[in-house]
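Shown next: model_9.txt, given as compact mmCIF, C-alpha atoms and all ligand atoms.
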```txt
# COMPACT_ATOMS: atom_id res chain seq x y z
CA MET A 1 140.83 62.96 111.21
CA VAL A 2 143.47 64.44 108.93
CA ASP A 3 142.65 66.42 105.79
CA SER A 4 144.50 64.80 102.91
CA TYR A 5 146.77 67.74 102.06
CA VAL A 6 150.56 67.61 102.00
CA GLY A 7 152.89 70.54 101.32
CA TRP A 8 156.61 71.15 100.99
CA PRO A 9 158.21 74.59 101.47
CA LEU A 10 158.49 76.21 98.02
CA ASP A 11 161.88 77.90 98.24
CA MET A 12 164.63 79.20 100.49
CA VAL A 13 162.43 81.90 102.02
CA ALA A 14 159.70 79.39 102.84
CA ARG A 15 162.22 76.96 104.30
CA LYS A 16 163.69 79.69 106.50
CA LEU A 17 160.26 80.73 107.70
CA THR A 18 158.72 77.32 108.27
CA LYS A 19 161.76 75.39 109.57
CA LYS A 20 159.95 72.21 108.55
CA THR A 21 160.46 69.85 105.66
CA VAL A 22 156.84 68.82 105.24
CA PHE A 23 153.38 69.97 106.32
CA ILE A 24 150.34 67.72 106.62
CA GLY A 25 146.59 68.25 106.84
CA HIS A 26 145.14 71.45 108.21
CA GLU A 27 148.59 72.86 108.87
CA ALA A 28 149.48 72.43 105.20
CA LEU A 29 146.33 74.29 104.17
CA GLU A 30 146.97 77.14 106.59
CA ASN A 31 150.52 77.64 105.31
CA ARG A 32 149.68 77.04 101.66
CA SER A 33 151.12 80.32 100.35
CA MET A 34 154.60 79.05 101.28
CA LEU A 35 154.12 75.49 100.09
CA ASP A 36 154.00 73.27 97.08
CA LEU A 37 150.58 72.02 98.18
CA ARG A 38 149.26 68.62 97.04
CA ARG A 39 145.99 66.85 97.51
CA PRO A 40 147.01 63.40 96.32
CA LEU A 41 143.60 61.72 96.43
CA GLU A 42 140.93 62.31 93.83
CA ARG A 43 137.66 60.50 93.31
CA GLY A 44 138.67 58.18 96.14
CA VAL A 45 141.91 56.94 94.60
CA ILE A 46 145.55 58.04 94.39
CA LYS A 47 146.07 60.57 91.59
CA GLU A 48 147.99 59.10 88.73
CA GLY A 49 151.01 60.30 86.85
CA SER A 50 152.94 62.36 89.39
CA ASP A 51 155.73 61.21 91.69
CA LYS A 52 154.97 64.13 93.98
CA ASP A 53 151.46 62.85 94.59
CA GLU A 54 152.73 59.37 95.39
CA GLN A 55 155.28 60.85 97.73
CA ALA A 56 152.47 62.88 99.33
CA VAL A 57 150.42 59.73 99.93
CA ARG A 58 153.34 58.10 101.70
CA GLU A 59 153.87 61.20 103.85
CA LEU A 60 150.20 61.10 104.80
CA LEU A 61 150.29 57.41 105.67
CA ARG A 62 153.47 57.84 107.71
CA HIS A 63 151.89 60.74 109.53
CA LEU A 64 148.72 58.76 110.30
CA ILE A 65 150.74 55.86 111.68
CA SER A 66 152.82 58.25 113.79
CA LEU A 67 149.58 59.46 115.41
CA ILE A 68 149.00 56.02 116.93
CA GLY A 69 151.83 56.94 119.29
CA ILE A 70 153.69 53.65 119.38
CA HIS A 71 157.40 53.87 119.98
CA GLN A 72 159.32 51.47 117.85
CA ASN A 73 162.65 50.12 118.96
CA ARG A 74 164.74 47.80 116.88
CA LYS A 75 164.55 44.75 119.12
CA ASP A 76 160.92 44.65 119.98
CA ARG A 77 159.03 46.09 117.06
CA THR A 78 155.25 46.36 117.15
CA LYS A 79 153.72 44.87 114.01
CA ILE A 80 151.39 47.24 112.21
CA ARG A 81 148.29 45.98 110.47
CA ALA A 82 146.28 48.55 108.56
CA VAL A 83 142.70 48.40 107.33
CA VAL A 84 142.32 50.69 104.32
CA GLY A 85 138.93 51.76 103.03
CA VAL A 86 138.66 52.03 99.25
CA PRO A 87 135.75 53.08 97.04
CA ALA A 88 133.32 50.21 96.46
CA GLU A 89 134.28 49.84 92.82
CA ALA A 90 138.00 50.58 93.17
CA PHE A 91 139.71 49.30 90.11
CA ARG A 92 142.25 46.56 90.46
CA VAL A 93 145.12 48.88 89.48
CA SER A 94 144.25 51.45 92.11
CA LYS A 95 144.21 48.73 94.77
CA GLN A 96 147.60 47.60 93.53
CA ARG A 97 149.00 51.13 93.80
CA LEU A 98 147.59 51.46 97.29
CA ARG A 99 149.36 48.25 98.36
CA GLY A 100 152.54 49.73 96.90
CA ALA A 101 152.05 52.93 98.87
CA MET A 102 151.61 50.97 102.13
CA ASP A 103 154.73 48.91 101.52
CA GLY A 104 157.36 49.74 104.11
CA ILE A 105 154.81 51.63 106.19
CA ALA A 106 152.67 48.77 107.54
CA ASP A 107 153.50 45.07 107.86
CA SER A 108 150.19 43.82 106.53
CA VAL A 109 147.03 45.32 105.15
CA MET A 110 143.43 44.57 104.45
CA LEU A 111 141.68 46.58 101.74
CA VAL A 112 137.95 46.84 102.37
CA SER A 113 135.19 48.61 100.54
CA GLU A 114 134.26 51.78 102.45
CA PRO A 115 130.49 51.25 102.68
CA PHE A 116 131.05 47.61 103.68
CA ALA A 117 133.24 48.81 106.56
CA VAL A 118 130.39 51.08 107.67
CA ALA A 119 127.89 48.20 107.50
CA TYR A 120 130.21 45.95 109.50
CA GLY A 121 130.74 48.52 112.23
CA LEU A 122 127.00 49.06 112.61
CA GLU A 123 126.27 45.32 112.34
CA ALA A 124 123.77 46.26 109.64
CA LEU A 125 124.66 43.11 107.72
CA LEU A 126 121.29 41.99 106.44
CA HIS A 127 118.66 43.73 104.26
CA SER A 128 120.25 47.14 104.43
CA VAL A 129 121.85 49.55 102.02
CA ILE A 130 124.72 51.83 103.03
CA ILE A 131 125.47 55.05 101.17
CA ASP A 132 128.84 56.47 102.20
CA ILE A 133 129.06 59.98 100.76
CA GLY A 134 132.59 61.27 101.22
CA ALA A 135 134.67 63.87 99.41
CA GLY A 136 135.65 62.12 96.19
CA THR A 137 132.98 59.45 95.89
CA ALA A 138 129.57 58.25 97.01
CA ASP A 139 129.80 54.51 97.66
CA PHE A 140 126.86 52.16 97.83
CA CYS A 141 126.64 48.68 99.25
CA VAL A 142 123.63 46.41 99.65
CA MET A 143 124.06 43.97 102.53
CA ARG A 144 122.50 40.55 102.12
CA GLY A 145 124.02 38.72 105.07
CA ARG A 146 127.29 37.85 103.37
CA TYR A 147 130.36 39.49 101.95
CA PRO A 148 129.09 41.90 99.25
CA THR A 149 129.88 41.06 95.64
CA GLU A 150 130.58 43.52 92.84
CA GLN A 151 126.88 43.52 91.89
CA ASP A 152 125.97 44.68 95.39
CA GLN A 153 128.19 47.77 95.17
CA ARG A 154 128.44 51.02 93.22
CA THR A 155 130.65 54.08 93.19
CA LEU A 156 129.66 57.54 91.93
CA PRO A 157 131.74 60.73 91.71
CA SER A 158 128.75 62.62 93.19
CA ALA A 159 130.08 63.68 96.59
CA GLY A 160 131.60 66.60 98.51
CA ASP A 161 134.22 67.64 95.96
CA ALA A 162 131.61 67.73 93.19
CA ILE A 163 129.43 69.98 95.36
CA ASP A 164 132.38 72.30 96.02
CA GLU A 165 133.13 72.60 92.30
CA GLN A 166 129.50 73.22 91.48
CA LEU A 167 129.15 75.84 94.22
CA ALA A 168 132.28 77.66 93.02
CA LYS A 169 130.96 77.64 89.45
CA LEU A 170 127.52 78.97 90.44
CA ILE A 171 128.93 81.76 92.62
CA ARG A 172 131.41 82.74 89.90
CA GLU A 173 128.57 82.95 87.36
CA ARG A 174 126.26 84.94 89.59
CA HIS A 175 128.86 87.19 91.24
CA PRO A 176 131.88 87.41 88.91
CA GLU A 177 133.33 90.26 91.00
CA VAL A 178 133.64 88.21 94.21
CA GLN A 179 137.03 86.76 95.17
CA PHE A 180 137.06 83.35 96.82
CA SER A 181 139.08 80.15 97.00
CA ILE A 182 137.92 76.54 96.92
CA HIS A 183 138.83 76.34 100.62
CA MET A 184 136.43 79.16 101.50
CA ILE A 185 133.78 77.41 99.43
CA ARG A 186 134.26 74.21 101.40
CA ASP A 187 134.10 76.03 104.73
CA TRP A 188 130.81 77.69 103.73
CA LYS A 189 129.39 74.39 102.59
CA GLU A 190 130.40 72.55 105.76
CA LYS A 191 128.68 75.21 107.86
CA TRP A 192 125.42 75.54 105.97
CA ALA A 193 124.95 72.71 103.45
CA PHE A 194 121.31 71.82 102.85
CA VAL A 195 118.85 70.43 100.32
CA GLY A 196 115.15 71.24 100.10
CA LYS A 197 113.50 74.31 101.60
CA PRO A 198 116.00 76.74 103.16
CA LYS A 199 115.46 77.39 106.89
CA ARG A 200 117.24 80.74 106.71
CA ARG A 201 119.23 82.77 104.20
CA VAL A 202 122.89 81.81 103.98
CA MET A 203 125.08 84.92 104.19
CA VAL A 204 128.85 84.86 103.83
CA THR A 205 131.58 87.47 103.69
CA ALA A 206 134.08 87.62 100.83
CA PRO A 207 136.23 90.35 99.28
CA VAL A 208 135.15 92.30 96.21
CA LYS A 209 138.13 94.23 94.77
CA GLY A 210 139.75 93.82 98.17
CA LYS A 211 136.76 95.13 100.17
CA ALA A 212 134.94 92.71 102.52
CA SER A 213 131.35 92.34 101.29
CA ASP A 214 128.27 90.38 102.35
CA LEU A 215 126.90 87.85 99.95
CA ASP A 216 123.69 85.78 99.90
CA ILE A 217 124.58 82.30 98.58
CA THR A 218 121.38 80.46 99.63
CA ASP A 219 120.23 79.55 96.11
CA GLU A 220 123.69 78.59 94.86
CA LEU A 221 124.32 76.39 97.92
CA ARG A 222 121.01 74.65 97.52
CA SER A 223 121.55 73.95 93.81
CA ALA A 224 125.08 72.71 94.41
CA CYS A 225 124.02 70.33 97.21
CA GLU A 226 120.99 69.13 95.26
CA SER A 227 123.15 68.38 92.22
CA ILE A 228 124.25 65.07 93.78
CA LEU A 229 120.69 63.92 94.50
CA PRO A 230 119.51 62.65 91.07
CA PRO A 231 122.46 60.27 90.49
CA ILE A 232 122.39 59.09 94.11
CA CYS A 233 118.64 58.39 94.11
CA GLU A 234 118.79 56.72 90.71
CA THR A 235 121.61 54.41 91.82
CA LEU A 236 119.82 53.60 95.08
CA LEU A 237 116.62 52.63 93.25
CA ASP A 238 118.57 50.55 90.76
CA LEU A 239 120.41 48.65 93.50
CA VAL A 240 117.16 47.99 95.37
CA ALA A 241 115.55 46.73 92.16
CA HIS A 242 118.23 44.03 91.98
CA VAL A 243 117.45 42.65 95.45
CA GLU A 244 115.25 39.53 95.70
CA PRO A 245 111.67 40.83 95.32
CA GLU A 246 110.44 39.75 98.75
CA PHE A 247 113.29 41.60 100.51
CA GLN A 248 113.12 44.90 98.62
CA ASP A 249 110.71 46.49 101.07
CA LYS A 250 113.01 45.66 104.01
CA VAL A 251 116.03 47.09 102.23
CA ARG A 252 114.20 50.29 101.31
CA HIS A 253 113.38 50.77 104.99
CA LYS A 254 117.01 50.46 106.03
CA VAL A 255 118.89 53.05 104.00
CA ILE A 256 121.88 54.17 106.06
CA LEU A 257 123.86 57.31 105.23
CA ALA A 258 127.46 57.81 106.33
CA GLY A 259 130.47 59.93 105.31
CA GLY A 260 131.05 63.64 105.89
CA SER A 261 128.62 64.66 103.16
CA ALA A 262 125.81 62.81 104.96
CA LEU A 263 125.81 65.89 107.23
CA ILE A 264 124.05 67.91 104.53
CA SER A 265 120.82 68.95 106.15
CA GLY A 266 117.60 67.60 104.57
CA LEU A 267 119.30 64.66 102.85
CA THR A 268 117.25 61.89 104.47
CA ASP A 269 113.96 63.65 103.61
CA ALA A 270 115.05 63.99 99.98
CA ILE A 271 115.96 60.30 99.77
CA GLU A 272 112.74 59.18 101.43
CA LYS A 273 110.86 61.34 98.93
CA ALA A 274 112.56 59.52 96.06
CA LEU A 275 111.67 56.17 97.66
CA LEU A 276 107.98 57.13 97.79
CA ASP A 277 107.65 56.36 94.08
CA VAL A 278 108.63 52.74 94.63
CA GLY A 279 106.61 52.02 97.77
CA GLY A 280 108.26 54.14 100.45
CA GLY A 281 111.24 53.68 102.72
CA ARG A 282 113.29 55.07 105.53
CA ALA A 283 116.70 56.73 105.51
CA THR A 284 118.81 57.55 108.56
CA VAL A 285 122.21 59.12 109.12
CA VAL A 286 124.67 57.18 111.33
CA LYS A 287 125.55 58.75 114.66
CA ASP A 288 129.07 59.70 113.69
CA PRO A 289 129.16 59.95 109.87
CA VAL A 290 132.80 60.98 109.54
CA PHE A 291 134.14 58.14 111.71
CA ALA A 292 131.63 55.38 110.86
CA GLY A 293 133.97 53.96 108.20
CA SER A 294 137.04 53.83 110.43
CA ASP A 295 135.04 52.44 113.37
CA GLY A 296 133.94 49.68 111.01
CA GLY A 297 137.53 49.14 109.88
CA LEU A 298 138.56 48.63 113.49
CA ALA A 299 135.71 46.15 114.06
CA ILE A 300 136.84 44.20 110.99
CA ALA A 301 140.45 44.21 112.21
CA ARG A 302 139.40 42.82 115.59
CA ASP A 303 137.37 39.99 114.05
CA ALA A 304 139.83 39.08 111.29
CA SER A 305 141.94 35.95 111.45
CA ASN A 306 145.62 35.82 110.47
CA SER A 307 144.83 34.62 106.98
CA ASP A 308 142.60 37.62 106.27
CA TRP A 309 145.63 39.94 106.25
CA GLU A 310 147.87 40.47 103.25
CA ARG A 311 151.52 40.61 104.19
CA LEU A 312 153.46 43.33 102.41
CA SER A 313 156.84 42.44 100.96
CA ALA A 314 159.11 45.10 102.43
CA ALA A 315 157.92 45.12 106.02
CA ALA A 316 158.62 48.36 107.85
N1 LIG B 401 128.84 69.52 107.97
C1 LIG B 401 129.08 69.16 106.71
N2 LIG B 401 128.16 69.41 105.75
C2 LIG B 401 128.41 69.05 104.47
N3 LIG B 401 129.50 68.45 104.05
C3 LIG B 401 130.44 68.16 104.96
C4 LIG B 401 130.29 68.50 106.34
N4 LIG B 401 131.39 68.08 107.01
C5 LIG B 401 132.19 67.52 106.10
N5 LIG B 401 131.64 67.57 104.87
C6 LIG B 401 132.22 67.09 103.60
O1 LIG B 401 132.43 65.70 103.70
C7 LIG B 401 133.52 65.32 102.87
C8 LIG B 401 134.49 64.49 103.68
O2 LIG B 401 133.82 63.35 104.13
P1 LIG B 401 134.61 62.01 104.49
O3 LIG B 401 135.61 62.30 105.53
O4 LIG B 401 133.59 60.96 104.75
O5 LIG B 401 135.32 61.76 103.09
P2 LIG B 401 136.50 60.79 102.72
O6 LIG B 401 136.27 59.46 103.33
O7 LIG B 401 137.77 61.50 103.03
O8 LIG B 401 136.35 60.75 101.14
P3 LIG B 401 136.09 59.51 100.16
O9 LIG B 401 135.24 58.54 100.92
O10 LIG B 401 135.40 60.11 99.00
O11 LIG B 401 137.42 58.97 99.83
C9 LIG B 401 134.16 66.62 102.37
O12 LIG B 401 133.71 66.88 101.05
C10 LIG B 401 133.60 67.65 103.33
O13 LIG B 401 133.53 68.94 102.76
MG MG B 402 135.17 57.83 102.88
```
How would this structure read if it were set down as structure tokens?
Amino acid sequence: MVDSYVGWPLDMVARKLTKKTVFIGHEALENRSMLDLRRPLERGVIKEGSDKDEQAVRELLRHLISLIGIHQNRKDRTKIRAVVGVPAEAFRVSKQRLRGAMDGIADSVMLVSEPFAVAYGLEALLHSVIIDIGAGTADFCVMRGRYPTEQDQRTLPSAGDAIDEQLAKLIRERHPEVQFSIHMIRDWKEKWAFVGKPKRRVMVTAPVKGKASDLDITDELRSACESILPPICETLLDLVAHVEPEFQDKVRHKVILAGGSALISGLTDAIEKALLDVGGGRATVVKDPVFAGSDGGLAIARDASNSDWERLSAAA
């Protein structure tokens, strides 16, 4: 798992200190004061309009491939096939840009919808609904025993990043004197995120005019996490309502949550509560929410035939 941050040393001093041309992931975040730091993905797609962001995406992809640990020599080159998860409703242009970004990095690709990859990995292919709540997007997919169509899928911007922004806004309003960064906000959220009744008060430490101070953020954290619930529940109910009437009950009882933001405590209870109004249901979180999508991608890759892969023009 690599955080999608890329940074280049800002100036001569930074270059002298870091002795590296590029930083990726956690390392980029840790050294951010010395770097031109980029987070090239937003709402699940590559940010538009900046060459730096496109360059950052390619650095990330190259880095990910290097982690596989294959040693390429000129004569006997291993072919690389990549499965790339995209938001369920990724627009055609963003898919096209992603193919462009992969060109020269992998030999062939398969672009799959993220929640579909989760469903495939779990073999939850019939009468189920997957909600993959990541950083940029929450992606929905109803599985009806065949490849999902556009009608079976939805994408919302109600996910981890939206919670972070909301939490920052609420803390700033309530405690204007407190100094914090969006990275501190995300750390706090990942430790204590919850919806519903709090089990304990959430206390954090942050500087006020340079002095470390204790801060109770329980109410702000709850509001921020709960802010994604109404759109998610509404979309879930709407998708279920479009399933054949005799199967709706089955689908409601197989709501599967994945993605890092599925780790928010109390989420399944909140979703089951929303399902009560329409006859009840059951929601569960997959065993390994952060990796469920990539596990599914691997399962798809193993089952795919040659013709399922798209060859890229400028093979690596
Ligand atoms: N324990 C946790 N509690 C709450 N949120 C968490 C936790 N761990 C990770 N997250 C959040 O999950 C998100 C990352 O999840 P994931 O890795 O599934 O996203 P992604 O696949 O990179 O994003 P997307 O699918 O939107 O492109 C981040 O917003 C992160 O802050
Ligand atoms: Mg994801």
Against ligand LIG 401 (chain B), which residues of chain A fall within 6 Å? For each one I want the closest pair of atoms and the distance in Å (one decimal), counting all atoms listed in the file, rows by chain and increasing residue number, as JSON lines.
```
{"residue": "A:Gly44", "atom": "CA", "partner": "B:LIG401", "partner_atom": "O11", "distance": 4.0}
{"residue": "A:Gly134", "atom": "CA", "partner": "B:LIG401", "partner_atom": "O5", "distance": 3.3}
{"residue": "A:Ala135", "atom": "CA", "partner": "B:LIG401", "partner_atom": "O12", "distance": 3.6}
{"residue": "A:Gly136", "atom": "CA", "partner": "B:LIG401", "partner_atom": "O10", "distance": 3.5}
{"residue": "A:Thr137", "atom": "CA", "partner": "B:LIG401", "partner_atom": "O10", "distance": 4.0}
{"residue": "A:Gly160", "atom": "CA", "partner": "B:LIG401", "partner_atom": "O12", "distance": 3.3}
{"residue": "A:Asp161", "atom": "CA", "partner": "B:LIG401", "partner_atom": "O12", "distance": 5.2}
{"residue": "A:Arg186", "atom": "CA", "partner": "B:LIG401", "partner_atom": "O13", "distance": 5.5}
{"residue": "A:Lys189", "atom": "CA", "partner": "B:LIG401", "partner_atom": "C2", "distance": 5.7}
{"residue": "A:Glu190", "atom": "CA", "partner": "B:LIG401", "partner_atom": "C1", "distance": 3.8}
{"residue": "A:Lys191", "atom": "CA", "partner": "B:LIG401", "partner_atom": "N1", "distance": 5.7}
{"residue": "A:Ala193", "atom": "CA", "partner": "B:LIG401", "partner_atom": "C2", "distance": 5.1}
{"residue": "A:Gly259", "atom": "CA", "partner": "B:LIG401", "partner_atom": "O4", "distance": 3.3}
{"residue": "A:Gly260", "atom": "CA", "partner": "B:LIG401", "partner_atom": "O2", "distance": 3.3}
{"residue": "A:Ser261", "atom": "CA", "partner": "B:LIG401", "partner_atom": "O1", "distance": 4.0}
{"residue": "A:Leu263", "atom": "CA", "partner": "B:LIG401", "partner_atom": "N2", "distance": 4.5}
{"residue": "A:Ile264", "atom": "CA", "partner": "B:LIG401", "partner_atom": "C2", "distance": 4.5}
{"residue": "A:Val290", "atom": "CA", "partner": "B:LIG401", "partner_atom": "O4", "distance": 4.9}
```
Test item: residues lying within 12 Å of ligand MG 402 (chain B) with only C-alpha atoms and all ligand atoms, as a PDB file with C-alpha atoms, keeping the file's coordinate frame:
```pdb
ATOM      1  CA  MET A   1     140.830  62.960 111.210  1.00  0.00           C
ATOM      2  CA  ASP A   3     142.650  66.420 105.790  1.00  0.00           C
ATOM      3  CA  SER A   4     144.500  64.800 102.910  1.00  0.00           C
ATOM      4  CA  LEU A  41     143.600  61.720  96.430  1.00  0.00           C
ATOM      5  CA  GLU A  42     140.930  62.310  93.830  1.00  0.00           C
ATOM      6  CA  ARG A  43     137.660  60.500  93.310  1.00  0.00           C
ATOM      7  CA  GLY A  44     138.670  58.180  96.140  1.00  0.00           C
ATOM      8  CA  VAL A  45     141.910  56.940  94.600  1.00  0.00           C
ATOM      9  CA  VAL A  84     142.320  50.690 104.320  1.00  0.00           C
ATOM     10  CA  GLY A  85     138.930  51.760 103.030  1.00  0.00           C
ATOM     11  CA  VAL A  86     138.660  52.030  99.250  1.00  0.00           C
ATOM     12  CA  PRO A  87     135.750  53.080  97.040  1.00  0.00           C
ATOM     13  CA  ALA A  88     133.320  50.210  96.460  1.00  0.00           C
ATOM     14  CA  VAL A 112     137.950  46.840 102.370  1.00  0.00           C
ATOM     15  CA  SER A 113     135.190  48.610 100.540  1.00  0.00           C
ATOM     16  CA  GLU A 114     134.260  51.780 102.450  1.00  0.00           C
ATOM     17  CA  PRO A 115     130.490  51.250 102.680  1.00  0.00           C
ATOM     18  CA  PHE A 116     131.050  47.610 103.680  1.00  0.00           C
ATOM     19  CA  ALA A 117     133.240  48.810 106.560  1.00  0.00           C
ATOM     20  CA  VAL A 118     130.390  51.080 107.670  1.00  0.00           C
ATOM     21  CA  ILE A 131     125.470  55.050 101.170  1.00  0.00           C
ATOM     22  CA  ASP A 132     128.840  56.470 102.200  1.00  0.00           C
ATOM     23  CA  ILE A 133     129.060  59.980 100.760  1.00  0.00           C
ATOM     24  CA  GLY A 134     132.590  61.270 101.220  1.00  0.00           C
ATOM     25  CA  ALA A 135     134.670  63.870  99.410  1.00  0.00           C
ATOM     26  CA  GLY A 136     135.650  62.120  96.190  1.00  0.00           C
ATOM     27  CA  THR A 137     132.980  59.450  95.890  1.00  0.00           C
ATOM     28  CA  ALA A 138     129.570  58.250  97.010  1.00  0.00           C
ATOM     29  CA  ASP A 139     129.800  54.510  97.660  1.00  0.00           C
ATOM     30  CA  PHE A 140     126.860  52.160  97.830  1.00  0.00           C
ATOM     31  CA  THR A 155     130.650  54.080  93.190  1.00  0.00           C
ATOM     32  CA  ALA A 159     130.080  63.680  96.590  1.00  0.00           C
ATOM     33  CA  GLY A 160     131.600  66.600  98.510  1.00  0.00           C
ATOM     34  CA  LEU A 257     123.860  57.310 105.230  1.00  0.00           C
ATOM     35  CA  ALA A 258     127.460  57.810 106.330  1.00  0.00           C
ATOM     36  CA  GLY A 259     130.470  59.930 105.310  1.00  0.00           C
ATOM     37  CA  GLY A 260     131.050  63.640 105.890  1.00  0.00           C
ATOM     38  CA  SER A 261     128.620  64.660 103.160  1.00  0.00           C
ATOM     39  CA  ALA A 262     125.810  62.810 104.960  1.00  0.00           C
ATOM     40  CA  PRO A 289     129.160  59.950 109.870  1.00  0.00           C
ATOM     41  CA  VAL A 290     132.800  60.980 109.540  1.00  0.00           C
ATOM     42  CA  PHE A 291     134.140  58.140 111.710  1.00  0.00           C
ATOM     43  CA  ALA A 292     131.630  55.380 110.860  1.00  0.00           C
ATOM     44  CA  GLY A 293     133.970  53.960 108.200  1.00  0.00           C
ATOM     45  CA  SER A 294     137.040  53.830 110.430  1.00  0.00           C
ATOM     46  CA  ASP A 295     135.040  52.440 113.370  1.00  0.00           C
ATOM     47  CA  GLY A 296     133.940  49.680 111.010  1.00  0.00           C
ATOM     48  CA  GLY A 297     137.530  49.140 109.880  1.00  0.00           C
TER      49      GLY A 297
END
```
- Message: Report as an MDAnalysis selection string all protein, DNA and RNA residues lying within 8 Å of Pro231 in chain A, evaluated on only C-alpha atoms, omitting residues in the same chain fewer than 4 positions from it.
- Response: chainID A and resid 156 158 235
- Message: What does the structure give for the distance between CA of Glu226 in chain A and CA of Ile163 in chain A, in Å to one decimal?
- Response: 8.5 Å
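Going from CA of Lys254 in chain A to CA of Lys95 in chain A covers 29.5 Å.
Taking CA of Glu220 in chain A as the reference point, CA of Gln166 in chain A is found at 8.6 Å.
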